[in-house]
>>> print(open('target.cif').read())   # mmCIF, C-alpha atoms and all ligand atoms
data_data
loop_
_atom_site.label_atom_id
_atom_site.label_comp_id
_atom_site.auth_asym_id
_atom_site.auth_seq_id
_atom_site.Cartn_x
_atom_site.Cartn_y
_atom_site.Cartn_z
CA MET R 31 -6.25 -10.36 47.49
CA LYS R 32 -6.29 -9.22 43.89
CA SER R 33 -9.56 -9.90 42.13
CA LEU R 34 -9.42 -11.72 38.85
CA ARG R 35 -10.18 -9.55 35.87
CA PHE R 36 -10.23 -10.02 32.14
CA TYR R 37 -7.03 -9.19 30.38
CA ASN R 38 -7.71 -6.14 28.30
CA PHE R 39 -5.34 -5.87 25.38
CA ALA R 40 -6.45 -2.31 24.69
CA ASP R 41 -5.38 -1.20 28.19
CA GLU R 42 -2.10 -3.01 27.82
CA LEU R 43 -1.35 -1.37 24.51
CA GLU R 44 -2.32 2.01 25.91
CA ARG R 45 0.21 1.53 28.71
CA ARG R 46 2.76 0.73 26.04
CA ARG R 47 2.11 4.06 24.40
CA PHE R 48 -0.34 2.94 21.77
CA LEU R 49 -3.13 5.41 21.50
CA PRO R 50 -6.51 3.85 20.89
CA ILE R 51 -8.78 5.95 18.75
CA ILE R 52 -11.39 7.76 20.79
CA PHE R 53 -14.52 8.53 18.86
CA SER R 54 -16.97 11.24 19.70
CA MET R 55 -20.02 9.40 20.94
CA LYS R 56 -22.10 12.37 19.85
CA ARG R 57 -21.67 11.18 16.31
CA ILE R 58 -25.03 10.93 14.61
CA GLU R 59 -25.62 7.54 13.06
CA ARG R 60 -26.36 7.58 9.39
CA SER R 61 -29.87 6.39 8.98
CA ARG R 62 -30.25 5.85 5.28
CA PRO R 63 -33.27 3.63 4.76
CA ARG R 64 -32.31 0.30 3.23
CA ALA R 65 -34.34 -2.36 1.48
CA PRO R 66 -35.40 -5.24 3.76
CA ARG R 67 -33.13 -7.72 1.95
CA ASN R 68 -30.17 -5.36 1.99
CA ARG R 69 -27.39 -7.11 3.94
CA THR R 70 -24.86 -4.25 3.93
CA ILE R 71 -22.79 -4.21 7.12
CA THR R 72 -23.26 -0.91 8.97
CA LEU R 73 -22.16 0.53 12.32
CA SER R 74 -24.58 1.24 15.16
CA SER R 75 -23.64 3.51 18.09
CA SER R 76 -23.05 0.49 20.26
CA ASP R 77 -20.79 -1.03 17.57
CA ARG R 78 -18.79 2.21 17.57
CA ARG R 79 -18.42 2.17 21.34
CA ARG R 80 -17.41 -1.49 21.44
CA LEU R 81 -15.14 -1.51 18.38
CA THR R 82 -13.34 1.74 19.13
CA ARG R 83 -11.43 -0.17 21.80
CA LYS R 84 -10.13 -2.56 19.16
CA ILE R 85 -8.36 -0.14 16.83
CA PHE R 86 -5.07 1.52 17.65
CA ARG R 87 -2.83 4.40 16.88
CA ILE R 88 0.83 3.67 17.28
CA SER R 89 3.66 5.93 18.38
CA PHE R 90 6.23 3.50 19.73
CA PRO R 91 8.07 0.47 18.26
CA VAL R 92 6.22 -2.79 18.76
CA SER R 93 7.10 -6.46 18.59
CA LEU R 94 5.50 -8.79 16.06
CA SER R 95 3.28 -10.47 18.65
CA GLU R 96 1.85 -7.08 19.61
CA MET R 97 0.97 -6.25 16.02
CA LEU R 98 -0.69 -9.48 14.99
CA ASP R 99 -4.41 -9.60 14.30
CA ARG R 100 -4.77 -5.85 14.84
CA THR R 101 -6.14 -2.89 12.92
CA PHE R 102 -3.99 0.23 13.10
CA CYS R 103 -5.53 3.57 12.31
CA GLY R 104 -3.27 6.11 10.65
CA GLY R 105 -1.24 6.88 7.56
CA MET R 106 0.67 3.72 6.62
CA GLU R 107 3.88 5.71 6.02
CA GLU R 108 4.00 6.66 9.72
CA VAL R 109 2.58 3.44 11.18
CA VAL R 110 5.06 1.07 9.51
CA ARG R 111 8.01 3.00 10.98
CA PHE R 112 7.23 1.27 14.29
CA PHE R 113 7.05 -2.28 12.89
CA PRO R 114 10.00 -4.70 13.16
CA SER R 115 11.97 -5.69 10.05
CA GLY R 116 11.36 -8.98 8.20
CA CYS R 117 7.96 -9.71 9.72
CA VAL R 118 5.66 -10.04 6.68
CA ASP R 119 5.07 -13.13 4.54
CA LEU R 120 2.52 -11.65 2.17
CA LEU R 121 1.96 -8.00 1.38
CA PHE R 122 -1.35 -7.09 -0.25
CA LEU R 123 -1.46 -3.59 -1.74
CA ASP R 124 -4.72 -1.99 -2.81
CA PRO R 125 -3.91 1.73 -2.84
CA PRO R 126 -6.26 4.39 -4.21
CA TYR R 127 -6.10 4.23 -8.01
CA ASN R 128 -5.35 7.33 -10.02
CA LEU R 129 -8.98 8.45 -10.20
CA PRO R 130 -10.92 11.31 -8.70
CA LYS R 131 -12.47 9.51 -5.71
CA SER R 132 -13.47 10.09 -2.09
CA PHE R 133 -12.63 7.72 0.74
CA HIS R 134 -14.82 9.01 3.56
CA ARG R 135 -13.17 12.39 4.31
CA GLN R 136 -10.20 12.06 1.94
CA LYS R 137 -10.56 13.31 -1.60
CA TYR R 138 -8.20 12.16 -4.35
CA ARG R 139 -7.60 13.93 -7.64
CA ARG R 140 -6.04 12.48 -10.75
CA LEU R 141 -2.24 12.86 -10.99
CA THR R 142 -0.07 12.56 -14.06
CA VAL R 143 1.22 9.05 -14.71
CA GLN R 144 4.66 10.17 -13.57
CA GLN R 145 3.33 11.74 -10.35
CA TYR R 146 1.36 8.60 -9.54
CA GLY R 147 4.53 6.52 -9.94
CA GLU R 148 6.45 8.89 -7.67
CA TRP R 149 3.69 8.78 -5.07
CA MET R 150 3.70 4.98 -5.17
CA ASP R 151 7.46 4.85 -4.83
CA SER R 152 7.28 7.09 -1.75
CA TRP R 153 4.94 4.76 0.17
CA LEU R 154 6.41 1.50 -1.14
CA ARG R 155 9.98 2.17 0.01
CA PRO R 156 9.21 2.11 3.77
CA LEU R 157 7.47 -1.26 3.32
CA LEU R 158 10.52 -3.02 1.83
CA ARG R 159 12.21 -3.38 5.23
CA LEU R 160 9.27 -5.44 6.51
CA LEU R 161 9.62 -8.15 3.86
CA LYS R 162 11.51 -11.46 3.95
CA PRO R 163 13.43 -13.10 1.08
CA SER R 164 10.47 -15.51 0.73
CA SER R 165 7.73 -12.83 0.78
CA SER R 166 5.18 -12.36 -1.99
CA ILE R 167 3.63 -9.05 -2.94
CA TYR R 168 0.33 -8.46 -4.74
CA CYS R 169 -0.49 -4.98 -5.99
CA CYS R 170 -3.86 -3.93 -7.44
CA SER R 171 -4.33 -1.37 -10.19
CA ASP R 172 -6.69 -0.38 -12.96
CA TRP R 173 -5.48 -0.54 -16.58
CA ARG R 174 -4.33 3.08 -16.55
CA THR R 175 -2.29 2.90 -13.34
CA SER R 176 -0.94 -0.52 -14.29
CA ILE R 177 1.75 1.20 -16.37
CA PRO R 178 3.45 3.21 -13.58
CA VAL R 179 2.66 0.50 -11.01
CA ALA R 180 4.60 -2.14 -12.96
CA GLN R 181 7.51 0.26 -13.45
CA VAL R 182 7.78 0.91 -9.71
CA LEU R 183 7.29 -2.75 -8.76
CA GLU R 184 10.07 -3.95 -11.03
CA LYS R 185 12.53 -1.61 -9.31
CA TYR R 186 12.23 -3.66 -6.11
CA PHE R 187 10.69 -7.05 -6.90
CA ARG R 188 10.57 -9.89 -9.37
CA ILE R 189 7.32 -9.61 -11.23
CA GLN R 190 5.95 -13.12 -11.62
CA ASN R 191 2.66 -12.39 -13.35
CA ARG R 192 -0.13 -9.95 -14.04
CA ILE R 193 -3.59 -11.18 -13.12
CA THR R 194 -6.53 -9.48 -14.81
CA TRP R 195 -9.90 -9.87 -13.20
CA GLU R 196 -13.25 -9.04 -14.67
CA ARG R 197 -15.49 -6.62 -12.84
CA GLU R 198 -18.95 -7.78 -13.80
CA LYS R 199 -20.28 -4.25 -13.93
CA GLY R 200 -18.25 -1.57 -15.62
CA ARG R 201 -19.07 2.03 -16.31
CA GLY R 202 -20.27 2.45 -19.91
CA ALA R 203 -18.38 4.79 -22.23
CA LYS R 204 -19.73 6.59 -25.30
CA ARG R 205 -16.48 6.80 -27.25
CA ASN R 206 -14.40 4.03 -25.72
CA TRP R 207 -14.58 0.39 -24.65
CA LYS R 208 -16.42 -0.10 -21.40
CA ASN R 209 -13.87 -0.56 -18.67
CA CYS R 210 -14.59 -3.72 -16.70
CA SER R 211 -11.25 -5.16 -15.72
CA GLU R 212 -8.61 -4.57 -13.08
CA ASP R 213 -5.07 -5.86 -12.71
CA ILE R 214 -3.24 -7.45 -9.81
CA TRP R 215 0.52 -7.66 -10.11
CA PHE R 216 2.03 -10.74 -8.47
CA CYS R 217 5.64 -10.20 -7.35
CA THR R 218 8.17 -11.92 -5.15
CA MET R 219 11.45 -10.93 -3.51
CA THR R 220 13.38 -13.94 -4.82
CA GLU R 221 12.64 -17.16 -6.68
CA ARG R 222 12.09 -18.92 -3.33
CA PHE R 223 8.41 -18.33 -2.59
CA VAL R 224 5.24 -20.14 -1.54
CA PHE R 225 2.79 -21.10 -4.29
CA ASN R 226 0.07 -23.58 -3.32
CA LEU R 227 -1.42 -24.34 -6.71
CA GLY R 228 -3.51 -27.21 -5.37
CA ALA R 229 -5.27 -24.88 -2.90
CA VAL R 230 -6.79 -22.63 -5.56
CA LYS R 231 -8.56 -25.00 -7.93
CA ILE R 232 -11.66 -23.76 -9.68
CA ARG R 233 -14.78 -25.75 -10.53
CA ARG R 234 -16.46 -25.10 -13.87
CA LYS R 235 -19.48 -26.58 -15.53
CA VAL R 236 -18.49 -28.83 -18.44
CA LEU R 237 -20.34 -27.89 -21.60
CA ALA R 238 -19.17 -30.78 -23.76
CA PRO R 239 -18.33 -33.69 -21.42
CA TYR R 240 -15.87 -35.96 -23.17
CA VAL R 241 -15.84 -39.67 -22.40
CA ASP R 242 -12.68 -41.65 -23.03
CA PRO R 243 -13.78 -44.24 -25.67
CA GLU R 244 -11.42 -46.90 -24.31
CA THR R 245 -12.26 -46.69 -20.61
CA GLU R 246 -15.75 -45.21 -21.08
CA ARG R 247 -14.88 -42.92 -18.20
CA PRO R 248 -15.24 -39.13 -18.02
CA LYS R 249 -12.08 -37.36 -19.09
CA ASP R 250 -11.05 -34.55 -16.68
CA TRP R 251 -14.57 -34.11 -15.30
CA HIS R 252 -16.91 -35.69 -12.82
CA ALA R 253 -20.66 -35.87 -12.37
CA SER R 254 -22.38 -34.98 -9.13
CA GLN R 255 -25.96 -34.19 -8.16
CA GLY R 256 -25.27 -30.60 -9.15
CA GLY R 257 -24.19 -31.44 -12.73
CA LYS R 258 -21.01 -32.20 -14.63
CA TYR R 259 -17.94 -30.32 -13.51
CA ARG R 260 -14.28 -29.93 -14.24
CA THR R 261 -11.90 -28.90 -11.47
CA THR R 262 -8.93 -27.06 -12.93
CA HIS R 263 -6.08 -24.76 -12.03
CA PRO R 264 -6.74 -21.04 -12.40
CA SER R 265 -5.06 -18.90 -15.04
CA ASN R 266 -4.12 -15.24 -14.74
CA LEU R 267 -7.57 -14.28 -16.06
CA TRP R 268 -10.16 -14.32 -13.27
CA THR R 269 -13.74 -14.16 -14.49
CA ASP R 270 -15.57 -15.67 -11.53
CA LEU R 271 -15.58 -12.70 -9.14
CA THR R 272 -18.50 -10.53 -8.09
CA VAL R 273 -17.86 -7.04 -6.73
CA PRO R 274 -19.72 -6.92 -3.38
CA PHE R 275 -23.21 -5.45 -3.64
CA TRP R 276 -26.14 -4.83 -1.31
CA SER R 277 -27.52 -8.36 -1.01
CA MET R 278 -24.14 -9.96 -0.25
CA PRO R 279 -23.36 -10.50 3.44
CA GLU R 280 -19.81 -9.17 2.99
CA ASN R 281 -20.96 -5.82 1.56
CA THR R 282 -20.16 -2.49 3.26
CA ASP R 283 -20.46 1.13 2.15
CA HIS R 284 -16.74 1.30 1.33
CA PRO R 285 -16.53 2.58 -2.27
CA THR R 286 -13.88 0.15 -3.55
CA GLN R 287 -14.31 -2.98 -1.48
CA LYS R 288 -12.63 -6.07 -2.97
CA PRO R 289 -14.45 -9.42 -3.04
CA GLU R 290 -13.51 -11.89 -0.28
CA LYS R 291 -13.21 -14.56 -2.97
CA LEU R 292 -10.40 -12.59 -4.65
CA LEU R 293 -8.44 -12.33 -1.40
CA ALA R 294 -9.09 -15.99 -0.63
CA ARG R 295 -7.42 -17.00 -3.89
CA VAL R 296 -4.41 -14.76 -3.24
CA LEU R 297 -3.96 -15.86 0.37
CA LEU R 298 -4.40 -19.58 -0.29
CA ALA R 299 -1.94 -19.53 -3.19
CA SER R 300 0.73 -17.36 -1.62
CA SER R 301 0.72 -17.98 2.11
CA GLU R 302 0.71 -20.86 4.54
CA LYS R 303 -1.56 -21.25 7.55
CA GLY R 304 -0.18 -19.02 10.31
CA GLY R 305 1.64 -16.80 7.79
CA VAL R 306 1.64 -13.04 8.40
CA ILE R 307 -0.38 -10.93 5.94
CA LEU R 308 -0.03 -7.14 5.87
CA ASP R 309 -2.49 -4.81 4.13
CA PRO R 310 -1.44 -1.17 4.57
CA PHE R 311 -4.52 0.13 2.66
CA LEU R 312 -7.03 -1.97 4.54
CA GLY R 313 -10.25 -0.16 3.57
CA SER R 314 -13.22 -2.13 4.86
CA GLY R 315 -10.96 -4.93 6.09
CA THR R 316 -11.34 -7.60 3.39
CA THR R 317 -7.73 -8.84 3.64
CA SER R 318 -7.81 -9.19 7.43
CA VAL R 319 -11.23 -10.85 7.37
CA VAL R 320 -10.18 -13.44 4.80
CA ALA R 321 -6.88 -14.03 6.61
CA LYS R 322 -8.83 -14.73 9.79
CA LYS R 323 -11.26 -17.06 8.01
CA LEU R 324 -8.36 -19.00 6.46
CA GLY R 325 -6.19 -19.28 9.58
CA ARG R 326 -3.57 -16.67 8.69
CA ARG R 327 -2.34 -13.84 10.95
CA TYR R 328 -3.17 -10.34 9.81
CA ILE R 329 -2.06 -6.74 10.25
CA GLY R 330 -4.19 -3.99 8.75
CA ILE R 331 -3.53 -0.27 8.42
CA GLU R 332 -6.18 2.22 7.37
CA ARG R 333 -6.23 5.98 7.56
CA GLU R 334 -9.98 6.44 7.99
CA LYS R 335 -11.41 5.56 11.42
CA GLU R 336 -14.78 4.77 9.91
CA TYR R 337 -13.28 2.02 7.76
CA CYS R 338 -11.19 0.68 10.66
CA LEU R 339 -14.41 0.23 12.62
CA LEU R 340 -16.08 -1.50 9.70
CA ALA R 341 -13.08 -3.81 9.42
CA GLU R 342 -13.35 -4.68 13.12
CA LYS R 343 -17.07 -5.30 12.78
CA ARG R 344 -16.41 -7.68 9.89
CA LEU R 345 -13.67 -9.39 11.91
CA ALA R 346 -16.12 -9.95 14.77
CA LEU R 347 -18.67 -11.38 12.32
CA ALA R 348 -15.99 -13.72 10.97
CA ASP R 349 -15.93 -15.39 14.39
CA LEU R 350 -19.52 -16.46 13.76
CA ASP R 351 -19.33 -17.31 10.08
CA LYS R 352 -16.20 -18.40 8.26
CA THR R 353 -17.80 -18.95 4.87
CA ILE R 354 -16.43 -17.13 1.83
CA GLN R 355 -18.96 -16.64 -0.94
CA GLY R 356 -17.96 -18.64 -4.00
CA PHE R 357 -15.40 -20.79 -2.13
CA HIS R 358 -16.93 -24.03 -0.97
CA GLU R 359 -15.44 -27.43 -0.14
CA ASN R 360 -11.95 -26.04 -0.85
CA VAL R 361 -12.68 -25.09 -4.45
CA PHE R 362 -13.63 -21.85 -6.14
CA TRP R 363 -16.96 -22.03 -7.96
CA GLU R 364 -18.18 -20.09 -10.96
CA ARG R 365 -20.26 -16.96 -10.43
CA ASN R 366 -23.93 -17.46 -9.63
CA SER R 367 -23.45 -21.16 -8.92
CA LEU R 368 -24.99 -21.28 -5.45
CA PRO R 369 -27.83 -23.60 -6.57
CA GLU R 370 -25.25 -26.02 -8.05
CA GLN R 371 -23.16 -25.83 -4.88
CA ARG R 372 -26.28 -26.70 -2.90
CA ARG R 373 -27.31 -29.41 -5.33
CA SER R 374 -23.90 -30.97 -5.11
CA GLY R 375 -25.48 -32.29 -1.92
CA ARG R 376 -22.89 -30.92 0.42
CA LYS R 377 -24.08 -27.39 1.14
C1 LIG X 401 -8.70 0.98 -2.63
S1 LIG X 401 -9.11 1.18 -0.97
C2 LIG X 401 -8.83 -0.43 -0.27
C3 LIG X 401 -10.08 -1.27 -0.27
C4 LIG X 401 -9.90 -2.59 0.44
N1 LIG X 401 -9.07 -3.49 -0.32
C5 LIG X 401 -11.24 -3.25 0.75
O1 LIG X 401 -11.47 -4.39 0.30
O2 LIG X 401 -12.07 -2.63 1.39
C6 LIG X 401 -7.76 2.12 -0.38
C7 LIG X 401 -7.88 2.49 1.08
O3 LIG X 401 -6.63 3.06 1.49
C8 LIG X 401 -6.89 4.07 2.45
N2 LIG X 401 -5.70 4.94 2.45
C9 LIG X 401 -5.33 5.86 1.54
N3 LIG X 401 -4.14 6.39 1.84
C10 LIG X 401 -3.71 5.77 2.97
C11 LIG X 401 -2.54 5.86 3.76
N4 LIG X 401 -1.56 6.70 3.46
N5 LIG X 401 -2.43 5.05 4.85
C12 LIG X 401 -3.43 4.19 5.17
N6 LIG X 401 -4.57 4.07 4.45
C13 LIG X 401 -4.71 4.84 3.36
C14 LIG X 401 -8.18 4.73 1.97
O4 LIG X 401 -8.87 5.36 3.03
C15 LIG X 401 -8.96 3.54 1.40
O5 LIG X 401 -9.85 3.00 2.34
#
>>> encode(input="target.cif", output="structure tokens")
Amino acid sequence: MKSLRFYNFADELERRRFLPIIFSMKRIERSRPRAPRNRTITLSSSDRRRLTRKIFRISFPVSLSEMLDRTFCGGMEEVVRFFPSGCVDLLFLDPPYNLPKSFHRQKYRRLTVQQYGEWMDSWLRPLLRLLKPSSSIYCCSDWRTSIPVAQVLEKYFRIQNRITWEREKGRGAKRNWKNCSEDIWFCTMTERFVFNLGAVKIRRKVLAPYVDPETERPKDWHASQGGKYRTTHPSNLWTDLTVPFWSMPENTDHPTQKPEKLLARVLLASSEKGGVILDPFLGSGTTSVVAKKLGRRYIGIEREKEYCLLAEKRLALADLDKTIQGFHENVFWERNSLPEQRRSGRK
């Protein structure tokens, strides 16, 4: 009689000619001393052993159900060749910007504006086949790359808006304005797309609470234990985000990790529960983690194994804790408002 055993998806995928990444277990763990309150997510040897089984290389066409909720390790240009057409509801693009930067073992140098546009065009074209007429596309850039990025995007999509978000900390400049903003281009395939405005309301403290003289009732605001607040719809200027840093539970050592709150706003506005989200430049896994926390299906692609493992570690942690810093009770709160969120009596 056959004994019952756990179904192992990794074995199944291996049989189907996926190649899980095998790490050298001789790898020496980085042991940088960290402050006691430092909450940065790191990888232990046992994490590496356990999580290695969860990331995959791909060398054979797969069905949608085999791709969902997975992290694929490899260059996105090659990986997406094996994905079926018309499978993605929301595409989130956070490619390396045109800056000299290192992503683990990869080093990037600055290209000319024209070269950057050509490079972007070369990786964007293979993704088009995966989209549906109702898909939305978000593409991140800094102010400098925004110019070629918009030019490439408008070749294929309808640009609906440009969001600018404030990075709290920017690098100072001696002979220029300090750079502390980034752009996110919001595009769609057609005019038939999901936009859940009611799901992305923001709560702000009211500085001058106005009371309607006739009804003697607050106008557009409400009072709670935490103070007086207005709940409004967000504009295309996002000033409530905090770039992850050492004391935040979502922080990793990835050099350009996006805040979970940013992804939460994008996913809630532009996808439905159960919708399929693809991030082909997954980095530390923020898009997949937020998709999981918000009940979406995710597919992540990342070239660096180290980041794939970090993404899987964060995905495992998301099973234990689904909170997203700054998003509480279905609204987005201002920066540094945790005491108010607590005082509102519900946290
Ligand atoms: C800007 S970062 C993304 C950060 C991510 N949004 C996060 O929150 O962590 C870009 C990532 O793309 C990865 N990358 C660069 N070229 C790639 C390629 N051709 N295929 C897959 N990943 C790639 C880099 O290793 C890097 O981690």
>>> residues_near_ligand(input="target.cif", ligand="ligand LIG 401 (chain X)", cutoff="6 Å", atoms="all atoms listed in the file", output="list in words")
Gly104, Gly105, Met106, Asp124, Pro125, Pro126, Phe133, Thr286, Gln287, Lys288, Pro310, Phe311, Leu312, Gly313, Ser314, Gly315, Thr316, Ile331, Glu332, Arg333 and Glu334 of chain R
>>> atom_distance(input="target.cif", atom1="CA of Val361 in chain R", atom2="CA of Ile232 in chain R")
5.5 Å
>>> closest_residue(input="target.cif", among="R:Phe122, R:Lys199, R:Asp351, R:Gln145", to="Leu292 in chain R", atoms="only C-alpha atoms")
R:Phe122
>>> closest_residue(input="target.cif", among="R:Thr353, R:Ser301, R:Ser115, R:Asn360", to="Glu280 in chain R", atoms="all atoms listed in the file")
R:Thr353
>>> atom_distance(input="target.cif", atom1="CA of Trp215 in chain R", atom2="CA of Ser367 in chain R")
27.5 Å
>>> residues_around(input="target.cif", residues="range 72-74 of chain R", least_positions_apart="5", cutoff="8 Å", atoms="only C-alpha atoms", output="ChimeraX atom specification")
/R:59,282-283,339-340,343
>>> write_last_selection(input="target.cif", atoms="C-alpha atoms", output="PDB file, keeping the file's coordinate frame")
ATOM      1  CA  GLU R  59     -25.620   7.540  13.060  1.00  0.00           C
ATOM      2  CA  THR R 282     -20.160  -2.490   3.260  1.00  0.00           C
ATOM      3  CA  ASP R 283     -20.460   1.130   2.150  1.00  0.00           C
ATOM      4  CA  LEU R 339     -14.410   0.230  12.620  1.00  0.00           C
ATOM      5  CA  LEU R 340     -16.080  -1.500   9.700  1.00  0.00           C
ATOM      6  CA  LYS R 343     -17.070  -5.300  12.780  1.00  0.00           C
TER       7      LYS R 343
END
>>> closest_residue(input="target.cif", among="R:Leu227, R:Pro279, R:Cys103, R:Asp77", to="Thr262 in chain R", atoms="all atoms listed in the file")
R:Leu227
>>> closest_residue(input="target.cif", among="R:Lys323, R:Phe102, R:Arg247, R:Asn209", to="Lys84 in chain R", atoms="only C-alpha atoms")
R:Phe102
>>> closest_residue(input="target.cif", among="R:His358, R:Arg233, R:Lys131, R:Arg100", to="Thr317 in chain R", atoms="only C-alpha atoms")
R:Arg100
>>> closest_residue(input="target.cif", among="R:Arg260, R:Ser277, R:Arg80, R:Glu107", to="Leu237 in chain R", atoms="all atoms listed in the file")
R:Arg260
>>> residues_around(input="target.cif", residues="Leu297 in chain R", least_positions_apart="4", cutoff="10 Å", atoms="only C-alpha atoms", output="list in words")
Leu120, Leu121, Phe122, Tyr168, Phe225, Asn226, Ala229, Val230, Lys291, Leu292, Leu293, Ser301, Glu302, Lys303, Gly305, Ile307, Thr317, Val320, Ala321, Leu324 and Arg326 of chain R
>>> write_last_selection(input="target.cif", atoms="C-alpha atoms", output="compact mmCIF listing (two decimals), in the frame of the given file")
# COMPACT_ATOMS: atom_id res chain seq x y z
CA LEU R 120 2.52 -11.65 2.17
CA LEU R 121 1.96 -8.00 1.38
CA PHE R 122 -1.35 -7.09 -0.25
CA TYR R 168 0.33 -8.46 -4.74
CA PHE R 225 2.79 -21.10 -4.29
CA ASN R 226 0.07 -23.58 -3.32
CA ALA R 229 -5.27 -24.88 -2.90
CA VAL R 230 -6.79 -22.63 -5.56
CA LYS R 291 -13.21 -14.56 -2.97
CA LEU R 292 -10.40 -12.59 -4.65
CA LEU R 293 -8.44 -12.33 -1.40
CA SER R 301 0.72 -17.98 2.11
CA GLU R 302 0.71 -20.86 4.54
CA LYS R 303 -1.56 -21.25 7.55
CA GLY R 305 1.64 -16.80 7.79
CA ILE R 307 -0.38 -10.93 5.94
CA THR R 317 -7.73 -8.84 3.64
CA VAL R 320 -10.18 -13.44 4.80
CA ALA R 321 -6.88 -14.03 6.61
CA LEU R 324 -8.36 -19.00 6.46
CA ARG R 326 -3.57 -16.67 8.69
>>> residues_around(input="target.cif", residues="Asn191 in chain R", least_positions_apart="3", cutoff="9 Å", atoms="all atoms listed in the file", output="list in words")
Ile214, Trp215, Phe216, Cys217 and Asn266 of chain R
>>> write_last_selection(input="target.cif", atoms="C-alpha atoms", output="compact mmCIF listing (two decimals), in the coordinates of the input")
# COMPACT_ATOMS: atom_id res chain seq x y z
CA ILE R 214 -3.24 -7.45 -9.81
CA TRP R 215 0.52 -7.66 -10.11
CA PHE R 216 2.03 -10.74 -8.47
CA CYS R 217 5.64 -10.20 -7.35
CA ASN R 266 -4.12 -15.24 -14.74
>>> residues_around(input="target.cif", residues="Lys258 in chain R", least_positions_apart="2", cutoff="7 Å", atoms="only C-alpha atoms", output="ChimeraX atom specification")
/R:235-236,251-254
>>> atom_distance(input="target.cif", atom1="CA of Lys249 in chain R", atom2="CA of Asp270 in chain R")
23.2 Å
>>> residues_around(input="target.cif", residues="Leu347 in chain R", least_positions_apart="5", cutoff="9 Å", atoms="all atoms listed in the file", output="JSON, numbers by chain")
{"R": [319, 342, 352]}
>>> residues_near_point(input="target.cif", point="(-10.7, 10.9, -10.5)", cutoff="12 Å", atoms="all atoms listed in the file", output="VMD selection string")
chain R and resid 126 to 133 137 to 142 174 to 175
